[in-house]
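Text of upload-v5.txt (compact mmCIF, C-alpha atoms) as supplied:
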```txt
# COMPACT_ATOMS: atom_id res chain seq x y z
CA MET A 1490 47.60 19.54 102.06
CA ARG A 1491 50.82 18.37 103.61
CA THR A 1492 54.11 19.30 102.07
CA LYS A 1493 55.62 16.55 99.96
CA ILE A 1494 59.35 15.93 99.81
CA ILE A 1495 60.44 15.46 96.21
CA LEU A 1496 63.62 13.56 95.35
CA PRO A 1497 64.39 14.77 91.83
CA ASP A 1498 67.58 12.77 91.53
CA ARG A 1499 69.38 10.01 93.35
CA SER A 1500 72.21 12.08 94.85
CA PRO A 1501 70.55 12.71 98.21
CA LEU A 1502 69.76 9.01 98.48
CA PHE A 1503 73.42 8.17 98.08
CA SER A 1504 74.40 10.74 100.69
CA PHE A 1505 71.87 9.54 103.24
CA VAL A 1506 72.51 5.86 102.67
CA SER A 1507 76.22 6.44 103.27
CA VAL A 1508 75.70 6.95 107.00
CA SER A 1509 74.30 4.43 109.41
CA GLY A 1510 70.55 4.84 109.67
CA GLY A 1511 70.74 7.68 107.18
CA LEU A 1512 67.77 6.72 105.03
CA GLU A 1513 65.59 6.81 108.12
CA LEU A 1514 66.47 10.49 108.42
CA LEU A 1515 64.56 11.12 105.21
CA LEU A 1516 61.48 9.75 106.95
CA ALA A 1517 62.09 11.71 110.13
CA PRO A 1518 60.05 14.79 109.14
CA GLY A 1519 57.03 12.53 108.79
CA LEU A 1520 56.26 14.01 105.38
CA PRO A 1521 55.31 12.06 102.25
CA ILE A 1522 58.25 11.37 99.93
CA VAL A 1523 57.90 11.24 96.17
CA LEU A 1524 60.33 10.02 93.54
CA THR A 1525 59.86 8.82 90.01
CA ASP A 1526 60.38 5.43 88.48
CA TYR A 1527 63.57 6.65 86.85
CA VAL A 1528 65.09 8.01 90.07
CA ALA A 1529 64.28 4.73 91.83
CA TRP A 1530 65.80 2.84 88.92
CA GLU A 1531 68.99 4.87 88.73
CA ALA A 1532 69.50 4.54 92.49
CA THR A 1533 69.10 0.77 92.47
CA ARG A 1534 70.13 -0.47 89.02
CA SER A 1535 73.70 -1.29 90.02
CA GLY A 1536 72.63 -4.13 92.30
CA SER A 1537 75.28 -3.06 94.80
CA GLN A 1538 74.83 -3.24 98.55
CA THR A 1539 73.94 0.45 98.49
CA ALA A 1540 71.36 -0.23 95.81
CA HIS A 1541 69.85 -3.03 97.90
CA LEU A 1542 69.60 -0.77 100.94
CA ILE A 1543 67.80 1.90 98.92
CA ARG A 1544 65.47 -0.67 97.35
CA ALA A 1545 64.63 -2.10 100.80
CA TRP A 1546 63.98 1.41 102.11
CA ILE A 1547 61.59 2.17 99.24
CA ASP A 1548 59.81 -1.17 99.46
CA GLY A 1549 59.62 -1.05 103.24
CA ASN A 1550 57.81 2.26 103.44
CA PRO A 1551 54.99 2.14 100.91
CA ASP A 1552 52.75 4.35 103.03
CA ILE A 1553 55.26 7.19 103.02
CA ILE A 1554 57.23 6.77 99.80
CA SER A 1555 55.54 7.02 96.41
CA VAL A 1556 57.29 5.96 93.23
CA ILE A 1557 55.53 7.59 90.30
CA GLU A 1558 55.58 5.90 86.92
CA THR A 1559 56.39 8.27 84.06
CA GLU A 1560 56.41 7.87 80.30
CA LEU A 1561 59.93 9.20 79.94
CA GLY A 1562 61.14 7.10 82.85
CA GLN A 1563 59.68 3.89 81.46
CA ALA A 1564 61.07 4.59 77.99
CA ARG A 1565 64.51 5.40 79.31
CA ILE A 1566 64.61 2.39 81.65
CA ALA A 1567 63.63 0.11 78.76
CA ARG A 1568 66.44 1.55 76.63
CA GLU A 1569 68.95 1.13 79.43
CA LYS A 1570 67.88 -2.46 80.03
CA ALA A 1571 68.22 -3.13 76.32
CA GLY A 1572 71.67 -1.59 76.34
CA ILE A 1573 70.80 1.00 73.73
CA ALA A 1574 70.69 4.11 75.92
CA LEU A 1575 73.47 6.62 75.53
CA LYS A 1576 75.14 7.58 78.80
CA LYS A 1577 75.44 11.20 77.77
CA ASP A 1578 71.65 11.44 77.52
CA ARG A 1579 71.27 10.36 81.13
CA LYS A 1580 71.78 13.83 82.57
CA ASN A 1581 68.83 15.41 84.40
CA ILE A 1582 66.41 12.66 83.42
CA GLY A 1583 65.33 12.33 87.03
CA GLU A 1584 64.38 15.99 87.17
CA VAL A 1585 62.58 15.85 83.84
CA THR A 1586 60.57 12.83 84.97
CA ILE A 1587 59.46 14.51 88.19
CA PHE A 1588 58.34 17.55 86.23
CA GLU A 1589 56.37 15.23 83.96
CA ALA A 1590 54.77 13.63 87.02
CA LEU A 1591 53.96 17.00 88.56
CA ALA A 1592 52.50 18.36 85.35
CA SER A 1593 50.34 15.29 84.88
CA GLY A 1594 48.99 15.62 88.40
CA ASP A 1595 50.26 12.20 89.41
CA VAL A 1596 52.13 13.62 92.39
CA GLY A 1597 49.02 15.21 93.79
CA GLU A 1598 48.81 18.57 95.45
CA GLY A 1599 51.62 20.62 96.93
CA PRO A 1600 53.40 22.32 98.55
CA PHE A 1601 56.53 20.65 97.22
CA LEU A 1602 59.90 20.58 98.80
CA PHE A 1603 62.69 19.56 96.42
CA LEU A 1604 65.66 17.95 98.10
CA PHE A 1605 68.91 18.45 96.25
CA GLU A 1606 72.41 17.46 97.19
CA GLU A 1607 73.62 21.01 96.76
CA ASP A 1608 72.30 24.44 95.89
CA LYS A 1609 69.94 24.32 92.99
CA PHE A 1610 67.38 26.72 91.76
CA VAL A 1611 63.85 25.52 91.32
CA ASP A 1612 61.65 27.89 89.41
CA PRO A 1613 58.80 28.56 91.85
CA GLY A 1614 56.54 29.28 88.92
CA PHE A 1615 57.05 26.00 87.15
CA TYR A 1616 53.90 24.56 88.56
CA GLY A 1617 52.11 27.72 89.59
CA ARG A 1618 49.45 26.44 91.91
CA TYR A 1619 51.58 25.32 94.81
CA PRO A 1620 54.51 26.72 96.77
CA VAL A 1621 57.79 25.16 95.75
CA HIS A 1622 60.96 25.17 97.83
CA SER A 1623 64.37 23.66 97.36
CA LEU A 1624 66.47 22.31 100.18
CA THR A 1625 70.03 21.16 100.25
CA THR A 1626 71.07 18.11 102.22
CA LEU A 1627 72.61 20.32 104.90
CA GLY A 1628 69.51 22.52 105.08
CA PHE A 1629 67.41 19.40 105.53
CA LEU A 1630 69.65 18.12 108.32
CA VAL A 1631 69.66 21.46 110.11
CA GLY A 1632 65.87 21.47 109.85
CA LEU A 1633 65.80 18.06 111.51
CA GLU A 1634 68.06 19.39 114.22
CA ARG A 1635 65.83 22.43 114.73
CA GLY A 1636 62.82 20.16 114.89
CA GLY A 1637 64.40 18.00 117.56
CA ARG A 1638 64.62 14.95 115.31
CA ILE A 1639 68.41 14.68 115.43
CA GLY A 1640 70.99 15.92 117.84
CA ASP A 1641 73.71 17.33 115.62
CA ALA A 1642 73.25 18.11 111.95
CA ASP A 1643 76.92 18.95 111.51
CA ALA A 1644 77.99 15.53 112.79
CA VAL A 1645 75.71 13.73 110.34
CA PHE A 1646 76.83 15.98 107.50
CA ALA A 1647 80.48 15.39 108.35
CA ASP A 1648 79.83 11.65 108.30
CA MET A 1649 78.28 11.98 104.87
CA ARG A 1650 81.27 13.91 103.62
CA SER A 1651 83.66 11.30 104.89
CA ASN A 1652 81.35 8.49 103.77
CA GLY A 1653 81.93 6.99 107.16
CA ARG A 1654 85.26 5.67 105.95
CA SER A 1655 87.88 5.14 108.55
CA GLY A 1656 91.01 7.13 108.01
CA THR A 1657 89.30 10.07 106.40
CA LYS A 1658 87.81 11.59 109.50
CA GLY A 1659 89.63 14.45 111.09
CA ILE A 1660 90.67 15.82 107.76
CA ILE A 1661 89.25 19.19 106.88
CA VAL A 1662 85.51 19.04 106.90
CA ASP A 1663 83.75 22.33 106.69
CA ARG A 1664 81.44 22.93 109.59
CA PRO A 1665 79.94 26.33 109.07
CA TYR A 1666 79.36 28.46 112.10
CA ARG A 1667 75.67 28.64 112.80
CA PRO A 1668 75.07 31.17 115.55
CA SER A 1669 71.44 30.31 115.95
CA ARG A 1670 71.88 26.56 116.27
CA ASP A 1671 71.18 26.49 119.99
CA ALA A 1672 68.33 28.90 119.74
CA GLU A 1673 64.69 28.71 120.24
CA TYR A 1674 63.37 25.93 118.03
CA SER A 1675 62.07 22.74 119.47
CA LEU A 1676 59.16 20.62 118.51
CA GLY A 1677 59.00 19.09 121.90
CA SER A 1678 61.28 16.15 122.50
CA GLU A 1679 64.50 16.62 124.32
CA VAL A 1680 67.46 16.39 122.03
CA ARG A 1681 70.29 14.20 123.10
CA PRO A 1682 73.60 15.35 121.61
CA GLY A 1683 74.61 13.05 118.81
CA ALA A 1684 71.40 11.11 119.01
CA LEU A 1685 70.12 9.72 115.78
CA PRO A 1686 66.51 9.21 115.22
CA LEU A 1687 63.99 8.78 115.71
CA ASP A 1688 60.45 8.41 115.19
CA PRO A 1689 59.72 8.58 111.47
CA ALA A 1690 56.17 9.55 112.23
CA GLY A 1691 57.44 12.44 114.27
CA ALA A 1692 55.39 11.50 117.27
CA MET B 1066 95.14 1.53 95.74
CA ARG B 1067 95.18 1.36 99.50
CA GLN B 1068 97.65 -0.19 101.88
CA PHE B 1069 96.24 -3.15 103.74
CA THR B 1070 97.85 -4.80 106.76
CA MET B 1071 97.14 -8.36 107.81
CA ASN B 1072 98.35 -10.82 110.40
CA ILE B 1073 99.96 -13.99 109.13
CA ASP B 1074 102.05 -16.83 110.58
CA ASP B 1075 105.78 -16.42 110.06
CA GLY B 1076 106.03 -19.77 108.36
CA LEU B 1077 103.19 -19.04 105.98
CA LEU B 1078 104.70 -15.67 105.12
CA ARG B 1079 108.05 -17.28 104.33
CA ALA B 1080 106.36 -19.87 102.16
CA ALA B 1081 104.28 -17.18 100.43
CA LYS B 1082 107.39 -15.13 99.66
CA ALA B 1083 109.18 -18.16 98.27
CA HIS B 1084 106.16 -19.04 96.16
CA ALA B 1085 105.85 -15.48 94.89
CA LEU B 1086 109.55 -15.40 94.02
CA ASN B 1087 109.25 -18.60 92.02
CA ALA B 1088 106.15 -17.29 90.28
CA GLY B 1089 107.74 -13.95 89.48
CA ARG B 1090 105.02 -12.13 91.35
CA SER B 1091 104.64 -10.19 94.59
CA VAL B 1092 102.88 -11.52 97.68
CA SER B 1093 100.53 -8.53 97.48
CA GLU B 1094 99.57 -9.42 93.93
CA ILE B 1095 98.81 -13.00 94.90
CA VAL B 1096 96.75 -11.95 97.93
CA ARG B 1097 94.82 -9.48 95.78
CA ASP B 1098 94.02 -12.17 93.22
CA LEU B 1099 92.92 -14.63 95.89
CA LEU B 1100 90.70 -12.01 97.55
CA ALA B 1101 89.20 -10.94 94.25
CA ARG B 1102 88.36 -14.55 93.42
CA GLU B 1103 86.87 -15.14 96.86
CA VAL B 1104 84.56 -12.12 96.76
CA GLY B 1105 83.79 -12.36 93.04
CA TRP B 1106 85.33 -9.03 92.24
CA ALA B 1107 86.67 -8.58 88.72
CA THR B 1108 89.93 -6.67 88.68
CA ALA B 1109 89.38 -5.73 85.07
CA GLU B 1110 86.19 -3.91 86.00
CA ALA B 1111 87.81 -1.78 88.66
CA PRO B 1112 87.43 1.87 87.73
CA ALA B 1113 90.55 3.83 87.03
CA PRO B 1114 91.78 5.68 90.11
CA LEU B 1115 91.80 9.45 90.10
CA ASP B 1116 95.01 11.14 89.04
CA GLY B 1117 95.71 13.45 91.97
CA GLU B 1118 97.58 16.08 89.99
CA GLN B 1119 94.87 16.32 87.37
CA ALA B 1120 92.08 16.21 89.92
CA ARG B 1121 93.41 18.88 92.27
CA PRO B 1122 92.55 21.98 90.18
CA VAL B 1123 89.06 20.64 89.52
CA LEU B 1124 88.50 19.85 93.18
CA LEU B 1125 89.79 23.29 94.15
CA SER B 1126 87.32 24.89 91.74
CA TYR B 1127 84.59 22.90 93.42
CA ALA B 1128 85.89 23.90 96.86
CA GLU B 1129 85.80 27.57 95.88
CA GLY B 1130 82.25 27.29 94.62
CA ARG B 1131 83.16 27.85 90.97
CA MET B 1132 81.57 24.61 89.87
CA SER B 1133 78.95 22.28 91.24
CA ARG B 1134 79.80 18.78 92.41
CA ARG B 1135 78.12 17.33 89.37
CA GLN B 1136 80.23 19.53 87.08
CA ALA B 1137 83.36 18.60 88.98
CA MET B 1138 82.59 14.90 88.75
CA ASP B 1139 81.87 15.25 85.04
CA ALA B 1140 85.20 17.04 84.57
CA LEU B 1141 86.95 14.17 86.33
CA GLY B 1142 85.12 11.55 84.32
CA LEU B 1143 83.41 10.18 87.42
CA ALA B 1144 79.99 8.63 87.02
CA PRO B 1145 77.51 9.61 89.78
CA GLU B 1146 77.89 6.23 91.46
CA ARG B 1147 81.54 7.08 92.09
CA HIS B 1148 80.56 9.76 94.57
CA PRO B 1149 82.52 7.95 97.32
CA ASP B 1150 85.68 8.26 95.22
CA PHE B 1151 85.03 11.97 94.85
CA VAL B 1152 84.59 12.34 98.59
CA GLU B 1153 87.69 10.32 99.27
CA ALA B 1154 89.75 12.43 96.87
CA MET B 1155 88.56 15.62 98.59
CA ASN B 1156 89.48 14.24 101.98
CA THR B 1157 92.78 12.58 101.16
CA MET B 1158 94.02 15.69 99.32
CA SER B 1159 92.89 17.79 102.30
CA ILE B 1160 90.89 20.05 100.04
CA PRO B 1161 88.39 22.08 102.04
CA TRP B 1162 84.76 21.47 101.36
CA PRO B 1163 82.78 24.35 99.92
CA LYS B 1164 81.30 26.53 102.59
CA PRO B 1165 77.53 26.54 102.58
CA ASP B 1166 75.88 29.91 102.95
CA SER B 1167 74.85 29.72 106.59
CA GLU B 1168 71.95 32.16 106.16
CA GLN B 1169 70.57 30.15 103.29
CA ILE B 1170 70.91 26.95 105.30
CA GLU B 1171 68.95 28.55 108.12
CA ARG B 1172 66.22 29.59 105.68
CA GLU B 1173 66.03 26.06 104.31
CA ALA B 1174 65.92 24.60 107.80
CA GLU B 1175 63.05 26.91 108.70
CA ILE B 1176 61.08 25.72 105.66
CA LEU B 1177 61.45 22.12 106.80
CA VAL B 1178 60.54 22.98 110.38
CA GLN B 1179 57.37 24.71 109.22
CA ALA B 1180 56.49 21.70 107.06
CA MET B 1181 57.00 19.38 110.03
CA LEU B 1182 54.59 21.50 112.04
CA GLU B 1183 51.80 20.92 109.54
CA PRO B 1184 48.99 18.86 111.06
CA LYS B 1185 49.21 15.20 110.10
CA ASP B 1186 45.61 15.11 109.00
CA ALA B 1187 46.15 17.95 106.54
CA ASP B 1188 45.71 15.48 103.71
```

Entire entry expressed as structure tokens:
Amino acid sequence: MRTKIILPDRSPLFSFVSVSGGLELLLAPGLPIVLTDYVAWEATRSGSQTAHLIRAWIDGNPDIISVIETELGQARIAREKAGIALKKDRKNIGEVTIFEALASGDVGEGPFLFLFEEDKFVDPGFYGRYPVHSLTTLGFLVGLERGGRIGDADAVFADMRSNGRSGTKGIIVDRPYRPSRDAEYSLGSEVRPGALPLDPAGA
Amino acid sequence: MRQFTMNIDDGLLRAAKAHALNAGRSVSEIVRDLLAREVGWATAEAPAPLDGEQARPVLLSYAEGRMSRRQAMDALGLAPERHPDFVEAMNTMSIPWPKPDSEQIEREAEILVQAMLEPKDAD
């Protein structure tokens, strides 16, 4: 089975949508993407321009992106719509709903690759049967760079950290030294420096 | 609040200043109100800006890896959708971003590369 990218909360969506063409980067590996009803809801409920972009991205890629309905997600969404959900109870609901979906088998078979905004431990034994990995946004971008899907992971990451806002660039943005960045990996296509993607199918 | 520069005819600016003086308001205030009305933005709903002095120690803790971004945003009372405000505060206060562990990043990248190499018909 192919590895599935799991979005256990909306944070990566907000990071990727903040740069031009960023959501397409999530499709660039050509791997199936899975999120739950609650994560889709929390990323789009505001009705903002960002929310509309994320909704269009989800709706526009039904063959690649799966939104899994969960009991907890539906219950929580109904409470939020009714205005009776407590904000303090909102924490980690996305993660809990994806675990519900995984445990129920609705996500299908692994391996699973959890994409988090920052370092986060995923218990590899939580679902036993399949390998589980966690990736940070930067790790994901560097993987795209290694795979020849983008030209410069650091540039995209720096854009995310500045939110593309004018006036904030040039201020300290950490760009860790990565001695192996020009090394051996290539999945074929020639990488143009700074080029953004891409062929979502990875052809 | 940010500074915003605009081009305006001299005559209109003089008239605007006179109008503002009579109304006991500033030209900036009037322009803000007109813009808010035009774009349908409710001033009353604008989130409170971050207090730089209070935010700095929290942001430094985040920068030094002593708390996650989520914890830092919680400590600052920022809802997740205010991530851009968090980013802006980090940048405008020139607080360095936390340094990712480069070896870990390489390991993560390798995992993705291997996944991308899986045959497409593996399903």

Selected residue of minimal separation from B:Ser1133 among A:Asp1648, A:Glu1606, A:Asp1526, A:Glu1634, counting only C-alpha atoms: A:Glu1606

Near-stretch 1093-1098 of chain B list (10 Å; all atoms listed in the file; drop same-chain fewer than 2 positions) as a list in words: Gln1068, Phe1069, Ala1081, Lys1082, His1084, Ala1085, Ala1088, Arg1090, Ser1091, Leu1100, Ala1101, Arg1102, Glu1103, Trp1106, Ala1107 and Thr1108 of chain B

Using only C-alpha atoms, which residues of stretch 1078-1136 of chain B come within 12 Å of stretch 1165-1183 of chain B, and what is the closest atom pair for each, with the distance in Å to one decimal? Give it as CSV, sorted by chain and residue number.
```
residue,atom,partner,partner_atom,distance
B:Ala1128,CA,B:Pro1165,CA,10.5
B:Glu1129,CA,B:Pro1165,CA,10.7
B:Gly1130,CA,B:Pro1165,CA,9.3
```

Among the residues A:Ser1504, A:Ser1509, A:Ser1623, A:Thr1525, the one that comes closest to A:Glu1589 [using all atoms listed in the file]: A:Thr1525

Test item: chain A residues at most 6 Å from chain B, counting only C-alpha atoms, as JSON, numbers by chain: {"A": [1490, 1491, 1518, 1624, 1628, 1629, 1631, 1632, 1636, 1661, 1663]}

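Atom CA of B:Leu1143 is found 18.0 Å from atom CA of A:Ala1540.
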
Pairwise distance for atom CA of A:Phe1505 and atom CA of A:Ser1593, rounded to one decimal in Å: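 One can read the atom CA of A:Phe1505 to atom CA of A:Ser1593 distance as 28.9 Å.
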